[in-house]
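J.: Mind having a look at this structure? Questions to follow.
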Amino acid sequence: MISDFIHEFVPGHSSRTLLLLHGTGGNERDLIPLGRELDPNAALLSPRGKVLENGMPRFFRRLAEGVFDLEDLKYRTTELADFVAAAAQHYGFASDNVVAVGYSNGANIAASILLLRPEILSAAILFRAMVPLIPDRQPNLSSIRVWIGAGAHDPIIPTSETNALAELLRNDGADVTIRYFQTGHQLTRDDVDAARDWLALLR
């Protein structure tokens with residue numbers, strides 16, 4: 001299972017591991033600097049998405065902008081969750097202290113993991129995320145904390161979509177913090193600083 005994904009693993013000095021999930025066109029190295037900035041002591045696990053869209057790696061297929069291939073999304077979510085569990089055994093990191101850090105496409109599959117395989121994550125930082133799917137069974141997210149960073153002028157994800165994701169996760173019991181920044185789809189220094197401060201408060 002550990003060979004299922006091209007990935008990077010960077011050992012850490014604490015019990016926390018950040019699962020770094022890139023956006024469309026990214027790779028396993030893209031978010032390593034971000035992970036180090038968010039938590040310099042955490043281990044970093046960064047897989048490359050296995051789906052190609054016009055040659056650009058993604059974590060699952062989409063039919064159009066904002067229209068997801070739900071069957072592929074479910075399959076890829078299970079595949080990625082199984083990889084994280086196998087990686088915890090292989091590398092010896094704590095499976096009960098994995099925090100997803102996803103951007104755009106990576107944030108969407110992180111949200112899908114929360115909804116379909118919540119046992120994999122203890123928390124999540126979702127940059128520019130939307131509702132990935134509505135699960136058939138309501139998960140119990142009462143022990144999970146989620147931080148959502150959204151762009152107030154994002155041309156891809158309207159604020160109503162961000163709010164719908166926050167409401168969906170809250171209805172499943174998650175402790176959700178949502179922050180809007182005066183920007184579009186791109187990440188800003190304010191995003192990173194706010195996410196780092198939130199993460200530092202987690203135990």
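Identifiers in this document derive from the order of the structure tokens: chains are assigned A, B, ..., residues are numbered from 1 separately in each chain, and ligands are numbered from 1 in order of occurrence.
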Determine, counting only C-alpha atoms, which protein, DNA and RNA residues have an atom within 8 Å of an atom of Ala110 of chain A; residues of the same chain fewer than 2 positions away are not included. Present the result as an mmCIF file with all heavy atoms, in the first residue's frame.
T.:
data_model
loop_
_atom_site.group_PDB
_atom_site.id
_atom_site.type_symbol
_atom_site.label_atom_id
_atom_site.label_comp_id
_atom_site.auth_asym_id
_atom_site.auth_seq_id
_atom_site.Cartn_x
_atom_site.Cartn_y
_atom_site.Cartn_z
ATOM 1 N N LEU A 21 -1.820 17.893 0.890
ATOM 2 C CA LEU A 21 -2.578 17.524 -0.305
ATOM 3 C C LEU A 21 -2.626 18.719 -1.260
ATOM 4 O O LEU A 21 -3.306 19.713 -1.004
ATOM 5 C CB LEU A 21 -3.986 17.074 0.102
ATOM 6 C CG LEU A 21 -4.016 15.888 1.080
ATOM 7 C CD1 LEU A 21 -5.419 15.688 1.644
ATOM 8 C CD2 LEU A 21 -3.526 14.613 0.406
ATOM 9 N N ALA A 100 -4.842 16.903 8.140
ATOM 10 C CA ALA A 100 -4.798 17.167 6.699
ATOM 11 C C ALA A 100 -4.600 18.656 6.460
ATOM 12 O O ALA A 100 -5.208 19.493 7.135
ATOM 13 C CB ALA A 100 -6.084 16.701 6.034
ATOM 14 N N VAL A 101 -3.738 18.978 5.504
ATOM 15 C CA VAL A 101 -3.566 20.356 5.032
ATOM 16 C C VAL A 101 -3.745 20.306 3.524
ATOM 17 O O VAL A 101 -2.885 19.799 2.802
ATOM 18 C CB VAL A 101 -2.172 20.913 5.385
ATOM 19 C CG1 VAL A 101 -2.014 22.326 4.825
ATOM 20 C CG2 VAL A 101 -1.936 20.895 6.888
ATOM 21 N N GLY A 102 -4.894 20.765 3.048
ATOM 22 C CA GLY A 102 -5.183 20.666 1.632
ATOM 23 C C GLY A 102 -5.449 22.010 1.003
ATOM 24 O O GLY A 102 -6.020 22.912 1.643
ATOM 25 N N GLY A 106 -6.824 19.395 -3.331
ATOM 26 C CA GLY A 106 -6.375 18.667 -2.150
ATOM 27 C C GLY A 106 -7.260 18.907 -0.948
ATOM 28 O O GLY A 106 -7.507 17.995 -0.143
ATOM 29 N N ALA A 107 -7.777 20.130 -0.802
ATOM 30 C CA ALA A 107 -8.701 20.426 0.295
ATOM 31 C C ALA A 107 -10.018 19.688 0.102
ATOM 32 O O ALA A 107 -10.638 19.237 1.067
ATOM 33 C CB ALA A 107 -8.945 21.928 0.389
ATOM 34 N N ASN A 108 -10.431 19.548 -1.154
ATOM 35 C CA ASN A 108 -11.691 18.853 -1.413
ATOM 36 C C ASN A 108 -11.605 17.369 -1.077
ATOM 37 O O ASN A 108 -12.542 16.800 -0.521
ATOM 38 C CB ASN A 108 -12.103 19.051 -2.871
ATOM 39 C CG ASN A 108 -12.493 20.488 -3.166
ATOM 40 O OD1 ASN A 108 -12.903 21.222 -2.279
ATOM 41 N ND2 ASN A 108 -12.353 20.897 -4.413
ATOM 42 N N SER A 112 -13.515 15.182 1.782
ATOM 43 C CA SER A 112 -14.145 13.900 1.476
ATOM 44 C C SER A 112 -13.694 12.820 2.462
ATOM 45 O O SER A 112 -14.501 11.982 2.884
ATOM 46 C CB SER A 112 -13.806 13.486 0.042
ATOM 47 O OG SER A 112 -14.510 12.318 -0.333
ATOM 48 N N ILE A 113 -12.416 12.842 2.851
ATOM 49 C CA ILE A 113 -11.936 11.904 3.878
ATOM 50 C C ILE A 113 -12.686 12.127 5.194
ATOM 51 O O ILE A 113 -13.097 11.173 5.863
ATOM 52 C CB ILE A 113 -10.416 12.036 4.089
ATOM 53 C CG1 ILE A 113 -9.656 11.526 2.859
ATOM 54 C CG2 ILE A 113 -9.969 11.259 5.329
ATOM 55 C CD1 ILE A 113 -8.154 11.741 2.936
ATOM 56 N N LEU A 114 -12.886 13.381 5.566
ATOM 57 C CA LEU A 114 -13.629 13.675 6.791
ATOM 58 C C LEU A 114 -15.028 13.069 6.740
ATOM 59 O O LEU A 114 -15.534 12.550 7.747
ATOM 60 C CB LEU A 114 -13.741 15.189 6.993
ATOM 61 C CG LEU A 114 -12.477 15.941 7.390
ATOM 62 C CD1 LEU A 114 -12.740 17.442 7.384
ATOM 63 C CD2 LEU A 114 -11.977 15.500 8.760
ATOM 64 N N ALA A 124 -8.238 19.146 10.335
ATOM 65 C CA ALA A 124 -7.974 19.476 8.937
ATOM 66 C C ALA A 124 -7.897 20.977 8.748
ATOM 67 O O ALA A 124 -8.645 21.736 9.381
ATOM 68 C CB ALA A 124 -9.053 18.891 8.023
ATOM 69 N N LEU A 126 -8.286 23.413 5.575
ATOM 70 C CA LEU A 126 -8.795 23.362 4.209
ATOM 71 C C LEU A 126 -8.697 24.746 3.587
ATOM 72 O O LEU A 126 -9.472 25.648 3.930
ATOM 73 C CB LEU A 126 -10.250 22.878 4.204
ATOM 74 C CG LEU A 126 -10.539 21.566 4.958
ATOM 75 C CD1 LEU A 126 -12.035 21.263 4.916
ATOM 76 C CD2 LEU A 126 -9.732 20.409 4.377
#
J.: Using only C-alpha atoms, I'd like a table of the residues in segment 118-156 of chain A that come within 12 Å of segment 70-90 of chain A; for each, show the closest atom pair and its distance in Å rounded to one decimal, ordered by chain and ascending number, as a tab-separated table.
T.:
residue	atom	partner	partner_atom	distance
A:Pro118	CA	A:Ala81	CA	9.1
A:Glu119	CA	A:Ala81	CA	9.1
A:Ile120	CA	A:Ala81	CA	6.4
A:Leu121	CA	A:Ala81	CA	9.1
A:Val131	CA	A:Leu70	CA	11.6
A:Pro132	CA	A:Leu73	CA	8.2
A:Leu133	CA	A:Leu70	CA	7.1
A:Ile134	CA	A:Leu70	CA	9.7
A:Pro135	CA	A:Lys74	CA	9.5
A:Asp136	CA	A:Lys74	CA	11.2
J.: Using the selection just defined, write its residues with N, CA, C and O atoms as an mmCIF file, in the first residue's frame.
T.:
data_model
loop_
_atom_site.group_PDB
_atom_site.id
_atom_site.type_symbol
_atom_site.label_atom_id
_atom_site.label_comp_id
_atom_site.auth_asym_id
_atom_site.auth_seq_id
_atom_site.Cartn_x
_atom_site.Cartn_y
_atom_site.Cartn_z
ATOM 1 N N PRO A 118 -13.539 9.343 8.458
ATOM 2 C CA PRO A 118 -13.110 10.314 9.465
ATOM 3 C C PRO A 118 -12.092 9.779 10.459
ATOM 4 O O PRO A 118 -11.390 10.564 11.114
ATOM 5 N N GLU A 119 -11.978 8.447 10.589
ATOM 6 C CA GLU A 119 -11.020 7.890 11.545
ATOM 7 C C GLU A 119 -9.576 8.176 11.147
ATOM 8 O O GLU A 119 -8.662 8.045 11.971
ATOM 9 N N ILE A 120 -9.353 8.582 9.905
ATOM 10 C CA ILE A 120 -7.998 8.824 9.412
ATOM 11 C C ILE A 120 -7.427 10.135 9.945
ATOM 12 O O ILE A 120 -6.209 10.271 10.118
ATOM 13 N N LEU A 121 -8.284 11.115 10.227
ATOM 14 C CA LEU A 121 -7.818 12.466 10.559
ATOM 15 C C LEU A 121 -8.253 12.884 11.961
ATOM 16 O O LEU A 121 -9.334 12.527 12.420
ATOM 17 N N VAL A 131 -17.942 21.789 -1.007
ATOM 18 C CA VAL A 131 -18.588 20.533 -0.629
ATOM 19 C C VAL A 131 -18.212 19.480 -1.671
ATOM 20 O O VAL A 131 -18.551 19.619 -2.848
ATOM 21 N N PRO A 132 -17.513 18.412 -1.261
ATOM 22 C CA PRO A 132 -17.110 17.408 -2.246
ATOM 23 C C PRO A 132 -18.243 16.454 -2.604
ATOM 24 O O PRO A 132 -18.399 16.061 -3.764
ATOM 25 N N LEU A 133 -19.032 16.092 -1.589
ATOM 26 C CA LEU A 133 -20.152 15.157 -1.773
ATOM 27 C C LEU A 133 -21.000 15.166 -0.514
ATOM 28 O O LEU A 133 -20.589 15.681 0.524
ATOM 29 N N ILE A 134 -22.189 14.605 -0.629
ATOM 30 C CA ILE A 134 -23.039 14.385 0.541
ATOM 31 C C ILE A 134 -22.995 12.889 0.845
ATOM 32 O O ILE A 134 -23.419 12.074 0.020
ATOM 33 N N PRO A 135 -22.444 12.493 1.979
ATOM 34 C CA PRO A 135 -22.278 11.056 2.257
ATOM 35 C C PRO A 135 -23.618 10.363 2.482
ATOM 36 O O PRO A 135 -24.594 10.983 2.914
ATOM 37 N N ASP A 136 -23.648 9.065 2.167
ATOM 38 C CA ASP A 136 -24.862 8.279 2.383
ATOM 39 C C ASP A 136 -25.166 8.132 3.868
ATOM 40 O O ASP A 136 -26.330 8.097 4.265
#
J.: Taking the backbone alone, and naming residues the way the document does, which bits of segment 51-188 of chain A are alpha helix (DSSP H) by DSSP, as a PyMOL selection string?
T.: chain A and resi 70-91+105-116+159-171
J.: Can you list, as a list in words, every residue of segment 100-196 of chain A that DSSP puts in strand (DSSP E or B)?
T.: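 Taking segment 100-196 of chain A and keeping strand (DSSP E or B) gives Ala100, Val101, Gly102, Tyr103, Ala123, Ala124, Ile125, Leu126, Phe127, Arg145, Val146, Trp147, Ile148, Gly149, Ala150, Gly151, Asp175, Val176, Thr177, Ile178, Arg179, Tyr180 and Phe181 of chain A.
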J.: How many Å lie between atom CA of Glu37 of chain A and atom CA of Ile157 of chain A, rounded to one decimal?
T.: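 Pair atom CA of Glu37 of chain A / atom CA of Ile157 of chain A returns 25.3 Å.
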J.: Write out as a Markdown table the residues of segment 85-166 of chain A that have any atom within 8 Å of an atom of segment 181-187 of chain A, one row each with the nearest atom pair and its distance in Å to one decimal, counting only C-alpha atoms, sorted by chain and then rising number.
T.:
| residue | atom | partner | partner_atom | distance |
| --- | --- | --- | --- | --- |
| A:Phe127 | CA | A:Leu187 | CA | 7.6 |
| A:Arg128 | CA | A:His185 | CA | 6.5 |
| A:Gly149 | CA | A:Phe181 | CA | 7.4 |
| A:Ala150 | CA | A:Phe181 | CA | 6.2 |
| A:Gly151 | CA | A:Gly184 | CA | 4.8 |
| A:Ala152 | CA | A:Gln182 | CA | 5.4 |
| A:His153 | CA | A:Gly184 | CA | 4.6 |
| A:Asp154 | CA | A:Gly184 | CA | 3.8 |
| A:Pro155 | CA | A:Gly184 | CA | 6.5 |
| A:Ile156 | CA | A:His185 | CA | 7.0 |
| A:Ile157 | CA | A:His185 | CA | 7.8 |
J.: What does the file look like for those residues with N, CA and C atoms, as an mmCIF file, in the first residue's frame?
T.:
data_model
loop_
_atom_site.group_PDB
_atom_site.id
_atom_site.type_symbol
_atom_site.label_atom_id
_atom_site.label_comp_id
_atom_site.auth_asym_id
_atom_site.auth_seq_id
_atom_site.Cartn_x
_atom_site.Cartn_y
_atom_site.Cartn_z
ATOM 1 N N PHE A 127 -7.766 24.901 2.676
ATOM 2 C CA PHE A 127 -7.624 26.150 1.935
ATOM 3 C C PHE A 127 -8.418 26.053 0.626
ATOM 4 N N ARG A 128 -9.425 26.909 0.449
ATOM 5 C CA ARG A 128 -10.195 27.003 -0.799
ATOM 6 C C ARG A 128 -10.916 25.685 -1.100
ATOM 7 N N GLY A 149 -10.066 28.136 5.227
ATOM 8 C CA GLY A 149 -9.618 29.434 4.740
ATOM 9 C C GLY A 149 -10.186 29.686 3.358
ATOM 10 N N ALA A 150 -10.946 30.769 3.209
ATOM 11 C CA ALA A 150 -11.637 31.047 1.950
ATOM 12 C C ALA A 150 -11.266 32.431 1.429
ATOM 13 N N GLY A 151 -11.333 32.576 0.116
ATOM 14 C CA GLY A 151 -11.116 33.876 -0.512
ATOM 15 C C GLY A 151 -12.443 34.570 -0.726
ATOM 16 N N ALA A 152 -12.590 35.771 -0.208
ATOM 17 C CA ALA A 152 -13.858 36.496 -0.344
ATOM 18 C C ALA A 152 -14.173 36.819 -1.802
ATOM 19 N N HIS A 153 -13.144 36.818 -2.648
ATOM 20 C CA HIS A 153 -13.341 37.138 -4.072
ATOM 21 C C HIS A 153 -12.914 35.965 -4.953
ATOM 22 N N ASP A 154 -13.073 34.757 -4.438
ATOM 23 C CA ASP A 154 -12.668 33.562 -5.176
ATOM 24 C C ASP A 154 -13.596 33.368 -6.378
ATOM 25 N N PRO A 155 -13.052 33.361 -7.606
ATOM 26 C CA PRO A 155 -13.907 33.197 -8.786
ATOM 27 C C PRO A 155 -14.369 31.755 -8.993
ATOM 28 N N ILE A 156 -13.756 30.803 -8.279
ATOM 29 C CA ILE A 156 -14.075 29.385 -8.454
ATOM 30 C C ILE A 156 -15.054 28.904 -7.387
ATOM 31 N N ILE A 157 -14.873 29.381 -6.157
ATOM 32 C CA ILE A 157 -15.688 28.902 -5.034
ATOM 33 C C ILE A 157 -16.442 30.083 -4.416
#
J.: Could you tell me which of A:Val10, A:Ala111, A:Ser122, A:Gly173 comes closest to Asn140 of chain A if we count only C-alpha atoms?
T.: A:Gly173
